[in-house]
>>> print(open('work.tsv').read())   # TSV, C-alpha atoms
chain	number	residue	atom	x	y	z
A	90	MET	CA	-113.59	-5.52	-48.29
A	91	LYS	CA	-116.55	-7.88	-47.88
A	92	ILE	CA	-116.02	-10.32	-45.01
A	93	LEU	CA	-117.78	-13.47	-43.79
A	94	LEU	CA	-117.19	-14.38	-40.15
A	95	VAL	CA	-118.22	-17.90	-39.12
A	96	GLY	CA	-119.35	-18.48	-35.55
A	97	SER	CA	-121.85	-17.38	-32.93
A	98	GLY	CA	-120.11	-16.82	-29.58
A	99	GLY	CA	-118.56	-14.06	-27.52
A	100	ARG	CA	-115.30	-14.50	-29.39
A	101	GLU	CA	-117.10	-13.84	-32.69
A	102	HIS	CA	-118.89	-10.80	-31.24
A	103	ALA	CA	-115.53	-9.32	-30.26
A	104	LEU	CA	-114.05	-10.16	-33.67
A	105	ALA	CA	-117.08	-8.67	-35.43
A	106	LEU	CA	-116.65	-5.38	-33.56
A	107	GLY	CA	-112.94	-5.39	-34.39
A	108	LEU	CA	-113.54	-6.07	-38.06
A	109	ARG	CA	-116.25	-3.41	-38.25
A	110	ALA	CA	-113.91	-0.83	-36.71
A	111	ASP	CA	-111.51	-1.21	-39.65
A	112	SER	CA	-112.49	1.15	-42.49
A	113	ALA	CA	-111.30	-1.49	-44.96
A	114	CYS	CA	-114.32	-3.62	-43.97
A	115	THR	CA	-117.15	-2.35	-46.14
A	116	GLU	CA	-119.57	-5.20	-45.54
A	117	LEU	CA	-119.71	-7.73	-42.68
A	118	HIS	CA	-121.65	-10.98	-42.78
A	119	VAL	CA	-121.75	-13.38	-39.83
A	120	ALA	CA	-123.09	-16.93	-39.82
A	121	PRO	CA	-124.93	-17.93	-37.74
A	122	GLY	CA	-124.17	-15.05	-35.35
A	123	ASN	CA	-126.21	-14.03	-32.29
A	124	PRO	CA	-128.50	-11.16	-31.22
A	125	GLY	CA	-125.58	-8.96	-30.19
A	126	ILE	CA	-123.75	-9.44	-33.47
A	127	ALA	CA	-127.00	-8.75	-35.36
A	128	GLU	CA	-126.71	-5.10	-34.33
A	129	ILE	CA	-123.54	-4.61	-36.40
A	130	ALA	CA	-123.63	-7.26	-39.16
A	131	THR	CA	-125.91	-9.18	-41.51
A	132	LEU	CA	-126.64	-12.64	-40.12
A	133	HIS	CA	-127.14	-15.86	-42.07
A	134	PRO	CA	-128.43	-19.21	-40.77
A	135	LEU	CA	-125.67	-21.82	-40.99
A	136	ASP	CA	-124.67	-25.22	-39.69
A	137	VAL	CA	-120.99	-24.65	-38.87
A	138	THR	CA	-120.32	-28.40	-39.14
A	139	ASP	CA	-121.31	-28.39	-42.83
A	140	ASN	CA	-118.22	-27.50	-44.88
A	141	SER	CA	-120.09	-27.33	-48.18
A	142	ALA	CA	-122.69	-24.97	-46.69
A	143	ILE	CA	-119.98	-22.64	-45.38
A	144	ALA	CA	-118.20	-22.63	-48.75
A	145	ALA	CA	-121.45	-22.11	-50.65
A	146	LEU	CA	-122.39	-19.13	-48.47
A	147	ALA	CA	-118.96	-17.53	-48.96
A	148	GLN	CA	-119.26	-18.00	-52.70
A	149	SER	CA	-122.83	-16.70	-52.92
A	150	LEU	CA	-121.88	-13.54	-51.02
A	151	SER	CA	-118.76	-13.00	-53.17
A	152	VAL	CA	-116.73	-12.23	-50.08
A	153	ASP	CA	-113.09	-11.16	-50.12
A	154	LEU	CA	-112.21	-12.90	-46.84
A	155	VAL	CA	-113.60	-15.62	-44.60
A	156	VAL	CA	-112.69	-15.67	-40.90
A	157	ILE	CA	-113.50	-18.93	-39.11
A	158	GLY	CA	-113.99	-18.54	-35.38
A	159	PRO	CA	-114.82	-21.95	-33.83
A	160	GLU	CA	-112.58	-25.02	-33.68
A	161	ILE	CA	-115.05	-27.59	-35.03
A	162	PRO	CA	-115.24	-26.27	-38.63
A	163	LEU	CA	-111.46	-25.79	-38.65
A	164	VAL	CA	-110.74	-29.35	-37.52
A	165	ASN	CA	-113.38	-30.56	-39.99
A	166	GLY	CA	-111.53	-28.86	-42.87
A	167	ALA	CA	-113.88	-25.98	-43.68
A	168	ALA	CA	-110.93	-23.75	-44.60
A	169	ASP	CA	-109.87	-26.25	-47.28
A	170	SER	CA	-113.32	-26.17	-48.88
A	171	ILE	CA	-113.28	-22.37	-49.03
A	172	ARG	CA	-109.70	-22.11	-50.32
A	173	ALA	CA	-110.59	-24.55	-53.09
A	174	LEU	CA	-112.90	-21.79	-54.40
A	175	GLY	CA	-110.03	-19.29	-54.44
A	176	ILE	CA	-111.36	-17.29	-51.48
A	177	PRO	CA	-108.81	-16.17	-48.85
A	178	VAL	CA	-109.42	-17.72	-45.42
A	179	PHE	CA	-108.12	-16.77	-42.00
A	180	GLY	CA	-108.00	-20.21	-40.42
A	181	PRO	CA	-105.78	-23.27	-40.77
A	182	SER	CA	-106.30	-26.25	-43.05
A	183	LYS	CA	-107.66	-29.51	-41.66
A	184	ALA	CA	-104.13	-30.90	-41.49
A	185	ALA	CA	-102.77	-27.86	-39.65
A	186	ALA	CA	-105.77	-27.62	-37.30
A	187	GLN	CA	-104.77	-31.00	-35.87
A	188	LEU	CA	-102.60	-28.94	-33.51
A	189	GLU	CA	-105.88	-28.48	-31.64
A	190	GLY	CA	-107.75	-31.52	-32.89
A	191	SER	CA	-105.23	-33.99	-31.45
A	192	LYS	CA	-103.09	-33.36	-28.40
A	193	ASP	CA	-100.96	-36.36	-29.36
A	194	PHE	CA	-100.31	-34.79	-32.78
A	195	ALA	CA	-99.38	-31.48	-31.14
A	196	LYS	CA	-96.94	-33.27	-28.84
A	197	GLY	CA	-95.25	-34.83	-31.86
A	198	VAL	CA	-94.87	-31.48	-33.61
A	199	MET	CA	-93.47	-29.90	-30.45
A	200	LEU	CA	-90.96	-32.71	-30.12
A	201	ASP	CA	-89.74	-32.24	-33.70
A	202	ALA	CA	-89.70	-28.44	-33.35
A	203	GLY	CA	-87.82	-28.49	-30.05
A	204	VAL	CA	-90.62	-26.66	-28.26
A	205	PRO	CA	-90.63	-27.11	-24.46
A	206	THR	CA	-93.66	-28.95	-23.05
A	207	ALA	CA	-94.61	-31.41	-20.34
A	208	HIS	CA	-93.45	-35.02	-20.56
A	209	SER	CA	-96.41	-37.21	-21.48
A	210	PHE	CA	-97.77	-40.59	-22.50
A	211	THR	CA	-100.52	-41.22	-25.04
A	212	CYS	CA	-102.69	-44.13	-23.86
A	213	THR	CA	-105.42	-46.29	-25.34
A	214	SER	CA	-105.78	-49.05	-22.73
A	215	GLN	CA	-106.41	-49.18	-18.99
A	216	SER	CA	-103.02	-50.74	-18.31
A	217	GLU	CA	-101.25	-47.92	-20.19
A	218	ILE	CA	-103.36	-45.35	-18.35
A	219	GLU	CA	-102.61	-46.76	-14.93
A	220	LYS	CA	-98.90	-46.99	-15.66
A	221	ALA	CA	-98.84	-43.35	-16.82
A	222	LEU	CA	-100.76	-42.13	-13.76
A	223	ASP	CA	-98.35	-43.95	-11.46
A	224	THR	CA	-95.31	-42.66	-13.36
A	225	PHE	CA	-96.21	-39.00	-12.90
A	226	GLY	CA	-98.18	-39.17	-9.66
A	227	ALA	CA	-100.44	-36.44	-8.31
A	228	PRO	CA	-101.53	-33.89	-9.32
A	229	TYR	CA	-102.76	-35.99	-12.25
A	230	VAL	CA	-103.16	-34.22	-15.61
A	231	VAL	CA	-105.48	-36.14	-17.95
A	232	LYS	CA	-106.41	-34.80	-21.40
A	233	ASP	CA	-108.86	-36.15	-23.93
A	234	ASP	CA	-106.84	-36.40	-27.15
A	235	GLY	CA	-109.64	-34.87	-29.22
A	236	LEU	CA	-111.90	-31.81	-29.07
A	237	ALA	CA	-113.95	-31.48	-25.90
A	238	ALA	CA	-115.25	-27.89	-25.96
A	239	GLY	CA	-112.55	-26.75	-23.55
A	240	LYS	CA	-113.67	-29.26	-20.93
A	241	GLY	CA	-111.64	-32.34	-21.81
A	242	VAL	CA	-108.90	-31.75	-19.26
A	243	VAL	CA	-108.94	-32.97	-15.68
A	244	VAL	CA	-106.31	-31.89	-13.15
A	245	THR	CA	-106.84	-33.64	-9.82
A	246	ASP	CA	-105.17	-35.24	-6.81
A	247	ASP	CA	-107.86	-37.95	-6.89
A	248	ARG	CA	-106.43	-40.95	-8.74
A	249	GLU	CA	-109.86	-42.56	-9.18
A	250	ALA	CA	-111.28	-39.41	-10.75
A	251	ALA	CA	-108.26	-39.20	-13.06
A	252	LEU	CA	-108.65	-42.85	-14.04
A	253	ASN	CA	-112.38	-42.52	-14.69
A	254	HIS	CA	-111.87	-39.49	-16.93
A	255	ALA	CA	-109.11	-41.28	-18.84
A	256	LEU	CA	-111.25	-44.38	-19.36
A	257	ALA	CA	-114.06	-42.22	-20.77
A	258	CYS	CA	-111.74	-41.05	-23.59
A	259	ASN	CA	-111.03	-43.05	-26.73
A	260	ARG	CA	-107.44	-41.92	-26.58
A	261	VAL	CA	-105.94	-39.92	-23.77
A	262	VAL	CA	-102.78	-37.93	-23.10
A	263	ILE	CA	-101.48	-38.14	-19.53
A	264	GLU	CA	-98.69	-35.76	-18.62
A	265	GLU	CA	-96.64	-34.35	-15.81
A	266	TYR	CA	-98.09	-31.47	-13.84
A	267	LEU	CA	-96.60	-28.08	-14.70
A	268	ASP	CA	-96.23	-25.71	-11.78
A	269	GLY	CA	-96.48	-21.94	-12.05
A	270	PRO	CA	-99.00	-19.41	-13.39
A	271	GLU	CA	-100.61	-19.89	-16.80
A	272	ILE	CA	-100.55	-17.46	-19.71
A	273	SER	CA	-102.39	-17.38	-23.03
A	274	LEU	CA	-100.32	-15.95	-25.87
A	275	PHE	CA	-101.64	-15.85	-29.43
A	276	GLY	CA	-99.83	-15.51	-32.72
A	277	ILE	CA	-101.20	-14.45	-36.11
A	278	SER	CA	-99.57	-16.38	-38.95
A	279	ASP	CA	-99.52	-16.34	-42.74
A	280	GLY	CA	-97.84	-19.75	-42.89
A	281	ARG	CA	-94.30	-18.30	-42.90
A	282	ASN	CA	-94.35	-15.42	-40.45
A	283	ILE	CA	-96.07	-15.17	-37.09
A	284	LEU	CA	-96.84	-11.99	-35.13
A	285	ALA	CA	-97.04	-12.51	-31.38
A	286	MET	CA	-99.93	-10.77	-29.63
A	287	GLU	CA	-99.95	-9.40	-26.08
A	288	PRO	CA	-100.36	-12.01	-23.33
A	289	ALA	CA	-103.59	-12.60	-21.44
A	290	GLN	CA	-104.63	-14.83	-18.57
A	291	ASP	CA	-107.93	-16.68	-18.37
A	292	PHE	CA	-109.68	-18.39	-15.47
A	293	LYS	CA	-110.81	-21.94	-16.20
A	294	ARG	CA	-112.41	-22.99	-12.92
A	295	ALA	CA	-116.08	-22.20	-12.36
A	296	LEU	CA	-115.78	-20.68	-8.90
A	297	ASP	CA	-113.79	-18.04	-7.03
A	298	GLY	CA	-110.37	-19.08	-5.81
A	299	ASP	CA	-109.93	-21.43	-8.78
A	300	LEU	CA	-112.36	-23.90	-7.26
A	301	GLY	CA	-115.07	-25.93	-8.94
A	302	THR	CA	-115.27	-27.66	-12.30
A	303	ASN	CA	-113.06	-26.91	-15.28
A	304	THR	CA	-114.90	-24.73	-17.83
A	305	GLY	CA	-114.28	-23.11	-21.19
A	306	GLY	CA	-113.25	-19.96	-19.30
A	307	MET	CA	-114.92	-17.68	-16.73
A	308	GLY	CA	-112.98	-14.50	-17.38
A	309	ALA	CA	-109.70	-13.03	-18.57
A	310	TYR	CA	-107.52	-9.95	-18.41
A	311	SER	CA	-104.68	-8.24	-20.29
A	312	PRO	CA	-101.94	-7.06	-19.99
A	313	LEU	CA	-100.17	-9.06	-17.28
A	314	PRO	CA	-98.15	-6.69	-15.09
A	315	TRP	CA	-96.52	-9.59	-13.25
A	316	ALA	CA	-95.28	-11.45	-16.34
A	317	PRO	CA	-91.62	-11.27	-17.42
A	318	GLU	CA	-90.97	-8.20	-19.57
A	319	ASP	CA	-89.64	-10.41	-22.37
A	320	ILE	CA	-92.51	-12.93	-22.31
A	321	VAL	CA	-93.67	-12.01	-25.83
A	322	GLU	CA	-90.18	-12.23	-27.35
A	323	MET	CA	-89.40	-15.40	-25.40
A	324	THR	CA	-92.59	-17.10	-26.54
A	325	TYR	CA	-92.03	-16.03	-30.13
A	326	GLU	CA	-88.48	-17.42	-30.19
A	327	ASN	CA	-89.06	-20.65	-28.26
A	328	VAL	CA	-92.63	-21.56	-29.17
A	329	LEU	CA	-94.44	-19.70	-31.95
A	330	ALA	CA	-91.72	-19.34	-34.60
A	331	PRO	CA	-90.45	-22.95	-34.23
A	332	MET	CA	-94.00	-24.33	-34.52
A	333	ILE	CA	-94.74	-22.33	-37.67
A	334	ALA	CA	-91.43	-23.40	-39.20
A	335	GLU	CA	-92.06	-27.06	-38.37
A	336	MET	CA	-95.60	-27.01	-39.78
A	337	ALA	CA	-94.32	-25.43	-42.99
A	338	ALA	CA	-91.52	-28.01	-43.22
A	339	ARG	CA	-94.14	-30.77	-42.95
A	340	GLY	CA	-95.99	-29.35	-45.95
A	341	THR	CA	-98.93	-28.23	-43.81
A	342	PRO	CA	-98.33	-24.50	-43.25
A	343	PHE	CA	-100.38	-22.99	-40.45
A	344	VAL	CA	-102.38	-19.96	-41.59
A	345	GLY	CA	-104.52	-18.35	-38.92
A	346	LEU	CA	-104.42	-17.88	-35.16
A	347	LEU	CA	-102.11	-20.12	-33.16
A	348	TYR	CA	-103.04	-20.06	-29.48
A	349	ALA	CA	-100.32	-21.14	-27.07
A	350	GLY	CA	-101.38	-21.99	-23.54
A	351	LEU	CA	-98.24	-21.62	-21.44
A	352	ALA	CA	-97.09	-22.39	-17.91
A	353	LEU	CA	-94.39	-20.21	-16.38
A	354	THR	CA	-92.56	-22.94	-14.49
A	355	LYS	CA	-89.44	-22.73	-12.34
A	356	ASN	CA	-87.61	-24.21	-15.34
A	357	GLY	CA	-88.94	-21.66	-17.83
A	358	ILE	CA	-91.97	-21.56	-20.14
A	359	ARG	CA	-93.66	-24.83	-21.09
A	360	VAL	CA	-96.52	-25.33	-23.54
A	361	ILE	CA	-99.68	-26.73	-21.97
A	362	GLU	CA	-101.69	-26.84	-25.18
A	363	PHE	CA	-102.24	-25.31	-28.59
A	364	ASN	CA	-105.51	-24.12	-30.09
A	365	ALA	CA	-106.01	-23.32	-33.75
A	366	ARG	CA	-108.23	-20.26	-33.31
A	367	PHE	CA	-108.89	-17.22	-31.15
A	368	GLY	CA	-109.54	-18.21	-27.56
A	369	ASP	CA	-112.69	-17.39	-25.64
A	370	PRO	CA	-112.77	-15.30	-23.40
A	371	GLU	CA	-109.24	-13.99	-24.06
A	372	THR	CA	-110.33	-12.52	-27.41
A	373	GLN	CA	-112.70	-10.20	-25.55
A	374	VAL	CA	-109.76	-8.51	-23.80
A	375	LEU	CA	-107.23	-8.64	-26.64
A	376	ILE	CA	-109.25	-7.29	-29.57
A	377	PRO	CA	-110.33	-4.13	-27.68
A	378	ARG	CA	-106.64	-3.41	-26.91
A	379	LEU	CA	-105.39	-4.05	-30.46
A	380	LYS	CA	-104.89	-0.78	-32.37
A	381	THR	CA	-103.77	-2.41	-35.62
A	382	PRO	CA	-106.77	-2.50	-38.02
A	383	LEU	CA	-108.11	-6.05	-37.68
A	384	ALA	CA	-109.69	-6.69	-41.08
A	385	THR	CA	-106.54	-5.57	-42.90
A	386	LEU	CA	-104.38	-7.66	-40.57
A	387	LEU	CA	-106.36	-10.88	-41.01
A	388	TYR	CA	-106.55	-10.39	-44.78
A	389	SER	CA	-102.77	-9.97	-44.89
A	390	ALA	CA	-102.36	-13.24	-42.98
A	391	ALA	CA	-104.82	-15.06	-45.23
A	392	THR	CA	-102.96	-13.89	-48.36
A	393	ASP	CA	-99.41	-14.70	-47.17
A	394	ASN	CA	-98.47	-11.07	-46.69
A	395	LEU	CA	-97.38	-10.47	-43.09
A	396	ASP	CA	-93.80	-9.53	-44.01
A	397	ASP	CA	-92.80	-6.31	-42.20
A	398	LYS	CA	-96.19	-6.07	-40.43
A	399	VAL	CA	-96.25	-5.08	-36.74
A	400	LEU	CA	-98.92	-5.05	-34.07
A	401	ASN	CA	-99.73	-1.89	-32.11
A	402	TRP	CA	-101.42	-1.99	-28.71
A	403	SER	CA	-103.27	0.35	-26.42
A	404	PRO	CA	-101.57	0.77	-23.03
A	405	GLU	CA	-104.95	0.41	-21.33
A	406	SER	CA	-106.02	-2.66	-19.38
A	407	ALA	CA	-108.97	-4.92	-20.15
A	408	VAL	CA	-110.89	-7.26	-17.84
A	409	THR	CA	-113.69	-9.53	-19.01
A	410	VAL	CA	-116.09	-11.46	-16.78
A	411	VAL	CA	-118.34	-14.30	-17.94
A	412	LEU	CA	-122.00	-14.49	-16.89
A	413	ALA	CA	-122.93	-18.18	-16.86
A	414	SER	CA	-126.21	-20.05	-16.69
A	415	ALA	CA	-127.13	-22.00	-13.59
A	416	GLY	CA	-125.68	-25.51	-13.83
A	417	TYR	CA	-122.78	-24.56	-16.09
A	418	PRO	CA	-120.68	-26.39	-17.18
A	419	GLU	CA	-122.22	-29.81	-16.39
A	420	SER	CA	-125.90	-29.13	-17.11
A	421	PRO	CA	-126.61	-25.47	-17.91
A	422	ILE	CA	-130.22	-24.28	-17.84
A	423	PHE	CA	-131.36	-22.59	-21.06
A	424	GLY	CA	-134.33	-20.43	-22.00
A	425	ASN	CA	-134.40	-17.89	-19.16
A	426	GLU	CA	-134.97	-14.23	-19.98
A	427	VAL	CA	-131.95	-11.93	-20.00
A	428	SER	CA	-132.32	-8.26	-19.12
A	429	LEU	CA	-129.49	-5.87	-20.04
A	430	PRO	CA	-128.81	-2.41	-18.59
A	431	THR	CA	-129.84	0.50	-20.79
A	432	SER	CA	-126.35	1.96	-20.54
A	433	SER	CA	-123.03	0.73	-19.20
A	434	ALA	CA	-119.38	1.63	-18.78
A	435	ALA	CA	-118.32	-1.71	-20.27
A	436	THR	CA	-118.90	-3.68	-23.48
A	437	ILE	CA	-121.33	-6.58	-23.32
A	438	TYR	CA	-120.53	-9.43	-25.72
A	439	HIS	CA	-123.20	-11.99	-26.47
A	440	SER	CA	-122.01	-15.58	-26.14
A	441	GLY	CA	-125.04	-17.82	-25.64
A	442	THR	CA	-128.14	-15.75	-26.31
A	443	ALA	CA	-131.14	-15.95	-28.63
A	444	GLN	CA	-134.29	-14.00	-29.44
A	445	SER	CA	-137.64	-15.60	-28.59
A	446	GLU	CA	-140.93	-13.78	-29.05
A	447	GLY	CA	-139.22	-10.44	-28.72
A	448	ARG	CA	-137.31	-11.44	-25.59
A	449	LEU	CA	-133.61	-12.03	-25.14
A	450	ILE	CA	-133.07	-15.48	-23.62
A	451	SER	CA	-130.16	-17.67	-22.59
A	452	LYS	CA	-129.09	-20.31	-25.09
A	453	GLY	CA	-125.70	-21.45	-23.80
A	454	GLY	CA	-123.73	-22.16	-20.66
A	455	ARG	CA	-121.73	-18.96	-21.05
A	456	VAL	CA	-124.38	-16.37	-21.81
A	457	LEU	CA	-122.55	-13.03	-21.88
A	458	THR	CA	-119.04	-11.67	-21.37
A	459	VAL	CA	-118.59	-8.16	-20.02
A	460	THR	CA	-115.36	-6.29	-20.75
A	461	GLY	CA	-114.22	-3.19	-18.95
A	462	ILE	CA	-111.39	-1.00	-20.27
A	463	GLY	CA	-109.43	1.29	-17.98
A	464	GLU	CA	-106.09	2.92	-17.32
A	465	ASN	CA	-105.22	-0.01	-15.05
A	466	LEU	CA	-106.66	-3.37	-14.02
A	467	SER	CA	-108.48	-1.92	-11.01
A	468	SER	CA	-110.31	0.59	-13.20
A	469	ALA	CA	-111.13	-2.03	-15.84
A	470	ARG	CA	-112.38	-4.43	-13.14
A	471	ALA	CA	-114.62	-1.78	-11.63
A	472	LYS	CA	-116.29	-1.09	-14.98
A	473	ALA	CA	-116.78	-4.78	-15.79
A	474	TYR	CA	-118.27	-5.65	-12.42
A	475	ALA	CA	-120.48	-2.53	-12.24
A	476	THR	CA	-121.97	-3.58	-15.57
A	477	ILE	CA	-122.40	-7.28	-14.88
A	478	LYS	CA	-124.25	-6.46	-11.64
A	479	GLY	CA	-126.82	-4.63	-13.76
A	480	ILE	CA	-127.64	-7.72	-15.85
A	481	THR	CA	-130.59	-9.87	-14.80
A	482	LEU	CA	-130.66	-13.63	-15.53
A	483	GLU	CA	-132.32	-16.00	-13.09
A	484	ASN	CA	-129.86	-18.16	-11.11
A	485	SER	CA	-126.90	-17.01	-13.22
A	486	PHE	CA	-123.46	-16.69	-11.66
A	487	TYR	CA	-120.04	-15.20	-12.26
A	488	ARG	CA	-116.66	-15.18	-10.58
A	489	THR	CA	-115.88	-12.13	-8.47
A	490	ASP	CA	-112.10	-12.53	-8.49
A	491	ILE	CA	-111.15	-12.07	-12.15
A	492	ALA	CA	-107.84	-10.12	-12.22
A	493	LEU	CA	-108.23	-9.34	-8.52
A	494	ALA	CA	-104.78	-10.55	-7.45
A	495	ALA	CA	-103.07	-8.89	-10.43
A	496	SER	CA	-104.85	-5.61	-9.74
A	497	LYS	CA	-103.22	-5.68	-6.30
A	498	GLY	CA	-99.76	-6.30	-7.73
A	499	LYS	CA	-99.75	-10.03	-6.99
>>> encode(input="work.tsv", output="structure tokens")
Amino acid sequence: MKILLVGSGGREHALALGLRADSACTELHVAPGNPGIAEIATLHPLDVTDNSAIAALAQSLSVDLVVIGPEIPLVNGAADSIRALGIPVFGPSKAAAQLEGSKDFAKGVMLDAGVPTAHSFTCTSQSEIEKALDTFGAPYVVKDDGLAAGKGVVVTDDREAALNHALACNRVVIEEYLDGPEISLFGISDGRNILAMEPAQDFKRALDGDLGTNTGGMGAYSPLPWAPEDIVEMTYENVLAPMIAEMAARGTPFVGLLYAGLALTKNGIRVIEFNARFGDPETQVLIPRLKTPLATLLYSAATDNLDDKVLNWSPESAVTVVLASAGYPESPIFGNEVSLPTSSAATIYHSGTAQSEGRLISKGGRVLTVTGIGENLSSARAKAYATIKGITLENSFYRTDIALAASKGK
């Protein structure tokens, strides 16, 4: 099977390794890719916002499957352009990707599907915003309705900060605060069926102790020893299956990866948000634990053939830690040289790197993610942190508490 993977981040590096590990994958092309992915696949220059360029590349390579990693091409409708050529695609249509492209749209689908979520108001004027803020009170939860690279959400006790963020959005969703720990739980769908993956937890705040600015994610781990034993079944029954059924009933079946961000509240699970693709950095802990051959699995989803399929998982634990550039997320500094250890006990995924005059340099806010695998979270943590300490990048930083509480049984 000849596969084209679209994207260039740590998520795509993890997916590329997973696809390569499946013997069904005979040829792997990645566009645009990164220096880490270049070691295992053929790279192609590509503007991921250009649907026609993505479709033309897939056609010229005569691929059997296209896997779209990032949200922007999905929300732009790249999957539609590729499907129009008769090429199977793992990734939702433009209409279905609105589950991530518009939080207001997702709220409407959840309402019709009977999926539990926070009460909310969608606002377009200052008077509506102020009324919504006063209705719910602090902590204020303010979400840009559209895509914002994982940084469009503000949760704060500061009403002025909440108001300013809301006013900076064209349209904004303001909702009640959901108490309880958060869980990421993905599902792989063919438009009719959906297979729930193992849960993971990511860390959005930039600094230890969940302090600092909201980011795209500073680390993650899986499995979650503290989560309810039936969390996968419960999420499938109350969230994933109803959403897939509702999208199909609307005539916009969801084919691809449905990411459910959940809060385990005192009143049960509630959906915080949906994404329409693999999450980053959760993918870097889930794909290494997935024993089911990935290329075959994604092809089955893309060709409406997940009936009777099951997912098999390694019992091992995975912990991933993000190495970020100085200034991330507000104003990351790019172009500094990155030095990697010659050997390590963990896997290093490239997220925001580039080659320049024979040197590896930083090119993004999140530069690398380091994933350790072990018999338990403590072992996995030790491997991840031993490796990340051996990486040199001027003024870079990382959180030191990823999976720390869980590794201690908390």
>>> residues_around(input="work.tsv", residues="segment 209-223 of chain A", least_positions_apart="4", cutoff="9 Å", atoms="all atoms listed in the file", output="PyMOL selection string")
chain A and resi 192-193+196+227+229-231+234+248+251-252+255-256+258-265
>>> atom_distance(input="work.tsv", atom1="atom CA of Arg378 of chain A", atom2="atom CA of Ala473 of chain A")
15.1 Å
>>> closest_residue(input="work.tsv", among="A:Phe363, A:Phe194, A:Phe225, A:Tyr266", to="Val243 of chain A", atoms="all atoms listed in the file")
A:Tyr266
>>> closest_residue(input="work.tsv", among="A:Leu108, A:Leu200, A:Ile333, A:Val344", to="Asn394 of chain A", atoms="only C-alpha atoms")
A:Val344
>>> residues_around(input="work.tsv", residues="Pro418 of chain A", least_positions_apart="5", cutoff="10 Å", atoms="all atoms listed in the file", output="PDB file with C-alpha atoms, in the frame of the given file")
ATOM      1  CA  LYS A 240    -113.670 -29.260 -20.930  1.00  0.00           C
ATOM      2  CA  ARG A 294    -112.410 -22.990 -12.920  1.00  0.00           C
ATOM      3  CA  ALA A 295    -116.080 -22.200 -12.360  1.00  0.00           C
ATOM      4  CA  GLY A 301    -115.070 -25.930  -8.940  1.00  0.00           C
ATOM      5  CA  THR A 302    -115.270 -27.660 -12.300  1.00  0.00           C
ATOM      6  CA  ASN A 303    -113.060 -26.910 -15.280  1.00  0.00           C
ATOM      7  CA  THR A 304    -114.900 -24.730 -17.830  1.00  0.00           C
ATOM      8  CA  GLY A 305    -114.280 -23.110 -21.190  1.00  0.00           C
ATOM      9  CA  ALA A 413    -122.930 -18.180 -16.860  1.00  0.00           C
ATOM     10  CA  GLY A 453    -125.700 -21.450 -23.800  1.00  0.00           C
ATOM     11  CA  GLY A 454    -123.730 -22.160 -20.660  1.00  0.00           C
ATOM     12  CA  ARG A 455    -121.730 -18.960 -21.050  1.00  0.00           C
TER      13      ARG A 455
END
>>> residues_near_point(input="work.tsv", point="(-114.5, -3.8, -33.9)", cutoff="10 Å", atoms="only C-alpha atoms", output="number ranges by chain")
A: 102-111, 129, 376-377, 379, 382-384
>>> residues_around(input="work.tsv", residues="Val119 of chain A", least_positions_apart="5", cutoff="7 Å", atoms="only C-alpha atoms", output="NGL selection string")
:A and (93-95 or 130-133)
>>> decode(input="work.tsv", residues="segment 252-265 of chain A", atoms="C-alpha atoms", output="PDB file, in the first residue's frame")
ATOM      1  CA  LEU A 252     -13.926  40.088  28.104  1.00  0.00           C
ATOM      2  CA  ASN A 253     -10.855  41.202  26.158  1.00  0.00           C
ATOM      3  CA  HIS A 254     -10.336  37.723  24.719  1.00  0.00           C
ATOM      4  CA  ALA A 255     -14.006  37.502  23.748  1.00  0.00           C
ATOM      5  CA  LEU A 256     -13.937  40.898  22.044  1.00  0.00           C
ATOM      6  CA  ALA A 257     -10.903  39.826  19.997  1.00  0.00           C
ATOM      7  CA  CYS A 258     -12.954  36.988  18.435  1.00  0.00           C
ATOM      8  CA  ASN A 259     -15.365  37.451  15.543  1.00  0.00           C
ATOM      9  CA  ARG A 260     -17.719  35.004  17.179  1.00  0.00           C
ATOM     10  CA  VAL A 261     -17.219  33.508  20.599  1.00  0.00           C
ATOM     11  CA  VAL A 262     -18.647  30.667  22.663  1.00  0.00           C
ATOM     12  CA  ILE A 263     -18.898  31.368  26.396  1.00  0.00           C
ATOM     13  CA  GLU A 264     -19.770  28.427  28.597  1.00  0.00           C
ATOM     14  CA  GLU A 265     -20.022  27.204  32.141  1.00  0.00           C
TER      15      GLU A 265
END
